[in-house]
$ cat target_15.pdb   # PDB, C-alpha atoms
ATOM      1  CA  MET A  11     -18.300  -4.260 -13.432
ATOM      2  CA  ALA A  12     -16.679  -2.047 -10.812
ATOM      3  CA  ARG A  13     -14.980   0.946 -12.352
ATOM      4  CA  ARG A  14     -12.267   3.397 -11.422
ATOM      5  CA  ILE A  15     -12.978   6.967 -12.501
ATOM      6  CA  ASP A  16     -10.189   9.538 -12.267
ATOM      7  CA  HIS A  17     -11.219  13.172 -11.813
ATOM      8  CA  TYR A  18      -8.896  16.150 -12.025
ATOM      9  CA  ASP A  19      -9.916  19.603 -10.841
ATOM     10  CA  ASP A  20     -13.520  18.657 -11.564
ATOM     11  CA  PRO A  21     -16.165  20.624  -9.633
ATOM     12  CA  ALA A  22     -18.690  17.874 -10.438
ATOM     13  CA  ALA A  23     -16.512  15.143  -8.884
ATOM     14  CA  PRO A  24     -17.699  13.549  -5.657
ATOM     15  CA  ALA A  25     -15.947  14.684  -2.471
ATOM     16  CA  ALA A  26     -12.958  12.693  -1.266
ATOM     17  CA  ASN A  27     -13.719  10.327   1.612
ATOM     18  CA  SER A  28     -10.344   8.584   2.003
ATOM     19  CA  ILE A  29      -6.604   8.832   1.529
ATOM     20  CA  VAL A  30      -4.791   5.550   0.969
ATOM     21  CA  PRO A  31      -1.012   5.299   0.562
ATOM     22  CA  SER A  32      -0.157   3.524  -2.670
ATOM     23  CA  ALA A  33       2.882   2.657  -4.750
ATOM     24  CA  ASN A  34       3.532   2.550  -8.470
ATOM     25  CA  VAL A  35       6.620   0.854  -9.826
ATOM     26  CA  ALA A  36       8.559   1.568 -13.000
ATOM     27  CA  VAL A  37      10.252  -1.761 -13.646
ATOM     28  CA  ILE A  38      12.950  -1.384 -16.277
ATOM     29  CA  ASP A  39      14.509  -4.402 -17.995
ATOM     30  CA  ASP A  40      18.052  -4.833 -19.346
ATOM     31  CA  GLN A  41      16.989  -3.405 -22.736
ATOM     32  CA  GLY A  42      15.566  -0.245 -21.130
ATOM     33  CA  GLN A  43      11.953  -1.279 -21.685
ATOM     34  CA  ILE A  44       9.325  -0.349 -19.093
ATOM     35  CA  LEU A  45       6.724  -2.749 -17.686
ATOM     36  CA  VAL A  46       3.126  -1.540 -18.173
ATOM     37  CA  ILE A  47      -0.356  -2.911 -17.641
ATOM     38  CA  HIS A  48      -3.635  -2.344 -19.465
ATOM     39  CA  ARG A  49      -6.006  -1.820 -16.534
ATOM     40  CA  THR A  50      -9.323  -3.656 -16.413
ATOM     41  CA  ASP A  51     -11.106  -1.029 -14.283
ATOM     42  CA  ASN A  52     -10.654   2.051 -16.494
ATOM     43  CA  ASP A  53      -9.148   0.777 -19.778
ATOM     44  CA  ASN A  54      -6.038   2.955 -19.303
ATOM     45  CA  TRP A  55      -2.409   1.910 -19.476
ATOM     46  CA  ALA A  56      -0.409   2.346 -16.291
ATOM     47  CA  LEU A  57       2.663   1.387 -14.360
ATOM     48  CA  PRO A  58       1.828  -1.471 -11.967
ATOM     49  CA  GLY A  59       0.881  -0.572  -8.427
ATOM     50  CA  GLY A  60      -1.764  -0.327  -5.781
ATOM     51  CA  ALA A  61      -2.693   0.306  -2.176
ATOM     52  CA  GLN A  62      -0.464  -0.409   0.800
ATOM     53  CA  ASP A  63      -1.613  -3.171   3.141
ATOM     54  CA  PHE A  64      -1.188  -3.255   6.903
ATOM     55  CA  GLY A  65       2.110  -4.832   7.905
ATOM     56  CA  GLU A  66       4.086  -3.834   4.821
ATOM     57  CA  SER A  67       6.278  -0.910   3.851
ATOM     58  CA  LEU A  68       5.490   1.127   0.760
ATOM     59  CA  PRO A  69       8.408  -0.456  -1.183
ATOM     60  CA  GLN A  70       7.119  -3.918  -0.174
ATOM     61  CA  CYS A  71       3.685  -2.836  -1.416
ATOM     62  CA  GLY A  72       5.167  -1.916  -4.799
ATOM     63  CA  VAL A  73       6.938  -5.271  -5.118
ATOM     64  CA  ARG A  74       3.770  -7.188  -4.137
ATOM     65  CA  GLU A  75       1.476  -5.216  -6.442
ATOM     66  CA  THR A  76       3.884  -5.611  -9.356
ATOM     67  CA  LYS A  77       3.936  -9.383  -8.868
ATOM     68  CA  GLU A  78       0.132  -9.570  -8.526
ATOM     69  CA  GLU A  79      -0.582  -7.469 -11.615
ATOM     70  CA  THR A  80       2.222  -8.578 -13.946
ATOM     71  CA  GLY A  81       3.791 -11.857 -12.770
ATOM     72  CA  ILE A  82       7.167 -10.096 -12.548
ATOM     73  CA  ASP A  83       9.345 -10.159  -9.429
ATOM     74  CA  CYS A  84      11.260  -6.935  -8.900
ATOM     75  CA  GLU A  85      13.627  -5.151  -6.548
ATOM     76  CA  ILE A  86      13.127  -1.454  -5.765
ATOM     77  CA  THR A  87      16.122   0.639  -6.856
ATOM     78  CA  GLY A  88      15.040   4.266  -6.491
ATOM     79  CA  LEU A  89      12.408   6.942  -6.066
ATOM     80  CA  VAL A  90      10.963   9.053  -8.901
ATOM     81  CA  GLY A  91       8.487  11.073  -6.877
ATOM     82  CA  ILE A  92       5.596  11.538  -4.496
ATOM     83  CA  TYR A  93       2.181  12.370  -5.983
ATOM     84  CA  THR A  94      -0.379  13.871  -3.598
ATOM     85  CA  ASP A  95      -2.298  16.402  -5.699
ATOM     86  CA  PRO A  96      -5.606  17.081  -3.864
ATOM     87  CA  LYS A  97      -7.185  17.996  -7.231
ATOM     88  CA  HIS A  98      -6.810  14.365  -8.364
ATOM     89  CA  LEU A  99      -9.632  12.185  -7.041
ATOM     90  CA  ILE A 100     -10.130   8.498  -7.768
ATOM     91  CA  HIS A 101     -13.702   7.202  -7.546
ATOM     92  CA  TYR A 102     -14.160   3.449  -7.077
ATOM     93  CA  THR A 103     -17.745   2.653  -8.035
ATOM     94  CA  SER A 104     -17.790  -0.749  -6.285
ATOM     95  CA  ASN A 105     -17.999   0.856  -2.834
ATOM     96  CA  ASP A 106     -18.284   4.598  -3.637
ATOM     97  CA  GLU A 107     -14.848   5.259  -2.170
ATOM     98  CA  VAL A 108     -13.369   8.522  -3.436
ATOM     99  CA  ARG A 109      -9.649   8.724  -2.731
ATOM    100  CA  GLN A 110      -7.500  11.791  -2.759
ATOM    101  CA  GLU A 111      -4.342  10.914  -4.679
ATOM    102  CA  PHE A 112      -1.459   9.620  -2.546
ATOM    103  CA  SER A 113       1.066   7.637  -4.528
ATOM    104  CA  VAL A 114       4.812   7.130  -4.599
ATOM    105  CA  LEU A 115       6.579   6.103  -7.805
ATOM    106  CA  PHE A 116       9.583   3.819  -7.409
ATOM    107  CA  THR A 117      12.025   2.469  -9.968
ATOM    108  CA  ALA A 118      12.894  -1.216  -9.936
ATOM    109  CA  ARG A 119      14.813  -3.937 -11.714
ATOM    110  CA  VAL A 120      13.604  -7.395 -12.706
ATOM    111  CA  VAL A 121      14.718 -10.301 -10.521
ATOM    112  CA  GLY A 122      12.437 -13.046 -11.877
ATOM    113  CA  GLY A 123       8.958 -14.105 -12.853
ATOM    114  CA  GLU A 124       7.066 -14.382 -16.127
ATOM    115  CA  LEU A 125       4.631 -11.917 -17.716
ATOM    116  CA  ALA A 126       1.075 -12.765 -16.705
ATOM    117  CA  ALA A 127      -2.146 -10.760 -16.789
ATOM    118  CA  SER A 128      -4.445 -10.717 -13.755
ATOM    119  CA  SER A 129      -7.945  -9.633 -12.778
ATOM    120  CA  GLU A 130      -6.562  -6.069 -12.615
ATOM    121  CA  SER A 131      -4.545  -6.166 -15.848
ATOM    122  CA  ARG A 132      -6.031  -7.345 -19.134
ATOM    123  CA  GLU A 133      -2.626  -7.090 -20.818
ATOM    124  CA  VAL A 134       0.974  -6.788 -19.591
ATOM    125  CA  LEU A 135       3.755  -5.543 -21.877
ATOM    126  CA  TRP A 136       7.340  -4.378 -21.970
ATOM    127  CA  LEU A 137       7.442  -1.115 -23.950
ATOM    128  CA  ALA A 138      10.281   1.050 -25.158
ATOM    129  CA  PRO A 139      10.071   4.544 -23.622
ATOM    130  CA  GLY A 140       8.996   6.070 -26.955
ATOM    131  CA  GLU A 141       6.035   3.693 -27.192
ATOM    132  CA  LEU A 142       4.491   4.925 -23.937
ATOM    133  CA  ALA A 143       3.232   8.138 -25.562
ATOM    134  CA  GLU A 144       1.013   6.055 -27.863
ATOM    135  CA  ARG A 145      -0.903   4.486 -24.979
ATOM    136  CA  GLN A 146      -4.027   5.905 -23.329
ATOM    137  CA  MET A 147      -3.152   6.988 -19.770
ATOM    138  CA  ASP A 148      -4.704   9.078 -17.047
ATOM    139  CA  ARG A 149      -3.141  12.539 -16.756
ATOM    140  CA  SER A 150      -1.542  11.714 -13.396
ATOM    141  CA  MET A 151       0.056   8.509 -14.715
ATOM    142  CA  ARG A 152       1.303  10.373 -17.781
ATOM    143  CA  LEU A 153       2.979  12.901 -15.426
ATOM    144  CA  ARG A 154       4.693  10.072 -13.524
ATOM    145  CA  VAL A 155       5.983   8.542 -16.748
ATOM    146  CA  LYS A 156       7.225  11.962 -17.872
ATOM    147  CA  HIS A 157       9.160  12.382 -14.616
ATOM    148  CA  LEU A 158      10.581   8.861 -14.953
ATOM    149  CA  LEU A 159      11.832   9.525 -18.469
ATOM    150  CA  GLU A 160      13.345  12.877 -17.490
ATOM    151  CA  ARG A 161      15.686  11.066 -15.069
ATOM    152  CA  ARG A 162      15.379  13.945 -12.620
ATOM    153  CA  PRO A 163      18.297  14.500 -10.225
ATOM    154  CA  SER A 164      15.927  14.597  -7.249
ATOM    155  CA  PRO A 165      12.431  13.176  -6.621
ATOM    156  CA  TYR A 166       9.308  15.075  -7.643
ATOM    157  CA  LEU A 167       7.454  16.341  -4.574
ATOM    158  CA  GLY A 168       3.905  17.185  -5.416
TER     159      GLY A 168
END

$ encode --input "target_15.pdb" --output "structure tokens"
Amino acid sequence: MARRIDHYDDPAAPAANSIVPSANVAVIDDQGQILVIHRTDNDNWALPGGAQDFGESLPQCGVRETKEETGIDCEITGLVGIYTDPKHLIHYTSNDEVRQEFSVLFTARVVGGELAASSESREVLWLAPGELAERQMDRSMRLRVKHLLERRPSPYLG
């Protein structure tokens, strides 16, 4: 099975060979719960998201990826931050691509759909903010969730 391996400030990590714009989306329901997925490629929990395709904006990418990974339709409502730490590398073993992190985290509200797992998400859940700390997450995703929960007055730029 193809794997995703996240490296942070790791001298043994392979060198980056690409940068791909991507979006993560923090979808929040009327009860304040946050939509999360249990990833199939690294067994971590994460906010839905993925790589931008040609012909779409980054917010459109976030909406599409959320639908593909969770079954939920959403509408982007805000920006939490931009995450471009060159120390964070993502190695995809299927094709030996090693991406330098480049992700934007949006907030969104639910507009439809039904929870459904996909080939990228073995499980999809709505969790209360306090429950997120109990889930295994990559360090970069944990930082994004932290910034989301802080309700910062301006976006994180890093």

$ closest_atom_pairs --input "target_15.pdb" --of "region 18-73 of chain A" --to "region 99-109 of chain A" --cutoff "6 Å" --atoms "all atoms listed in the file" --output "CSV"
residue,atom,partner,partner_atom,distance
A:Ala26,CA,A:Val108,CA,4.7
A:Asn27,CA,A:Val108,CA,5.4
A:Ser28,CA,A:Arg109,CA,4.8
A:Ile29,CA,A:Arg109,CA,5.2

$ closest_residue --input "target_15.pdb" --among "A:Glu75, A:Asp51, A:Glu111, A:Glu130" --to "Asp95 (chain A)" --atoms "all atoms listed in the file"
A:Glu111

$ atom_distance --input "target_15.pdb" --atom1 "CA of Arg14 (chain A)" --atom2 "CA of Leu159 (chain A)"
25.8 Å

$ closest_residue --input "target_15.pdb" --among "A:Phe116, A:Tyr18, A:Tyr166, A:Tyr93" --to "Pro58 (chain A)" --atoms "all atoms listed in the file"
A:Phe116

$ closest_residue --input "target_15.pdb" --among "A:Lys77, A:His157, A:Arg119, A:Arg145" --to "Asp40 (chain A)" --atoms "all atoms listed in the file"
A:Arg119

$ atom_distance --input "target_15.pdb" --atom1 "CA of Ile44 (chain A)" --atom2 "CA of Thr94 (chain A)"
23.2 Å

$ atom_distance --input "target_15.pdb" --atom1 "CA of Ser32 (chain A)" --atom2 "CA of Leu57 (chain A)"
12.2 Å

$ resolve_selection --input "target_15.pdb" --expression "the PyMOL selection byres ((chain A and resi 120) around 8)" --output "PyMOL selection string"
chain A and resi 37-39+82-85+118-119+121-122

$ write_last_selection --input "target_15.pdb" --atoms "C-alpha atoms" --output "PDB file, in the frame of the given file"
ATOM      1  CA  VAL A  37      10.252  -1.761 -13.646  1.00  0.00           C
ATOM      2  CA  ILE A  38      12.950  -1.384 -16.277  1.00  0.00           C
ATOM      3  CA  ASP A  39      14.509  -4.402 -17.995  1.00  0.00           C
ATOM      4  CA  ILE A  82       7.167 -10.096 -12.548  1.00  0.00           C
ATOM      5  CA  ASP A  83       9.345 -10.159  -9.429  1.00  0.00           C
ATOM      6  CA  CYS A  84      11.260  -6.935  -8.900  1.00  0.00           C
ATOM      7  CA  GLU A  85      13.627  -5.151  -6.548  1.00  0.00           C
ATOM      8  CA  ALA A 118      12.894  -1.216  -9.936  1.00  0.00           C
ATOM      9  CA  ARG A 119      14.813  -3.937 -11.714  1.00  0.00           C
ATOM     10  CA  VAL A 121      14.718 -10.301 -10.521  1.00  0.00           C
ATOM     11  CA  GLY A 122      12.437 -13.046 -11.877  1.00  0.00           C
TER      12      GLY A 122
END
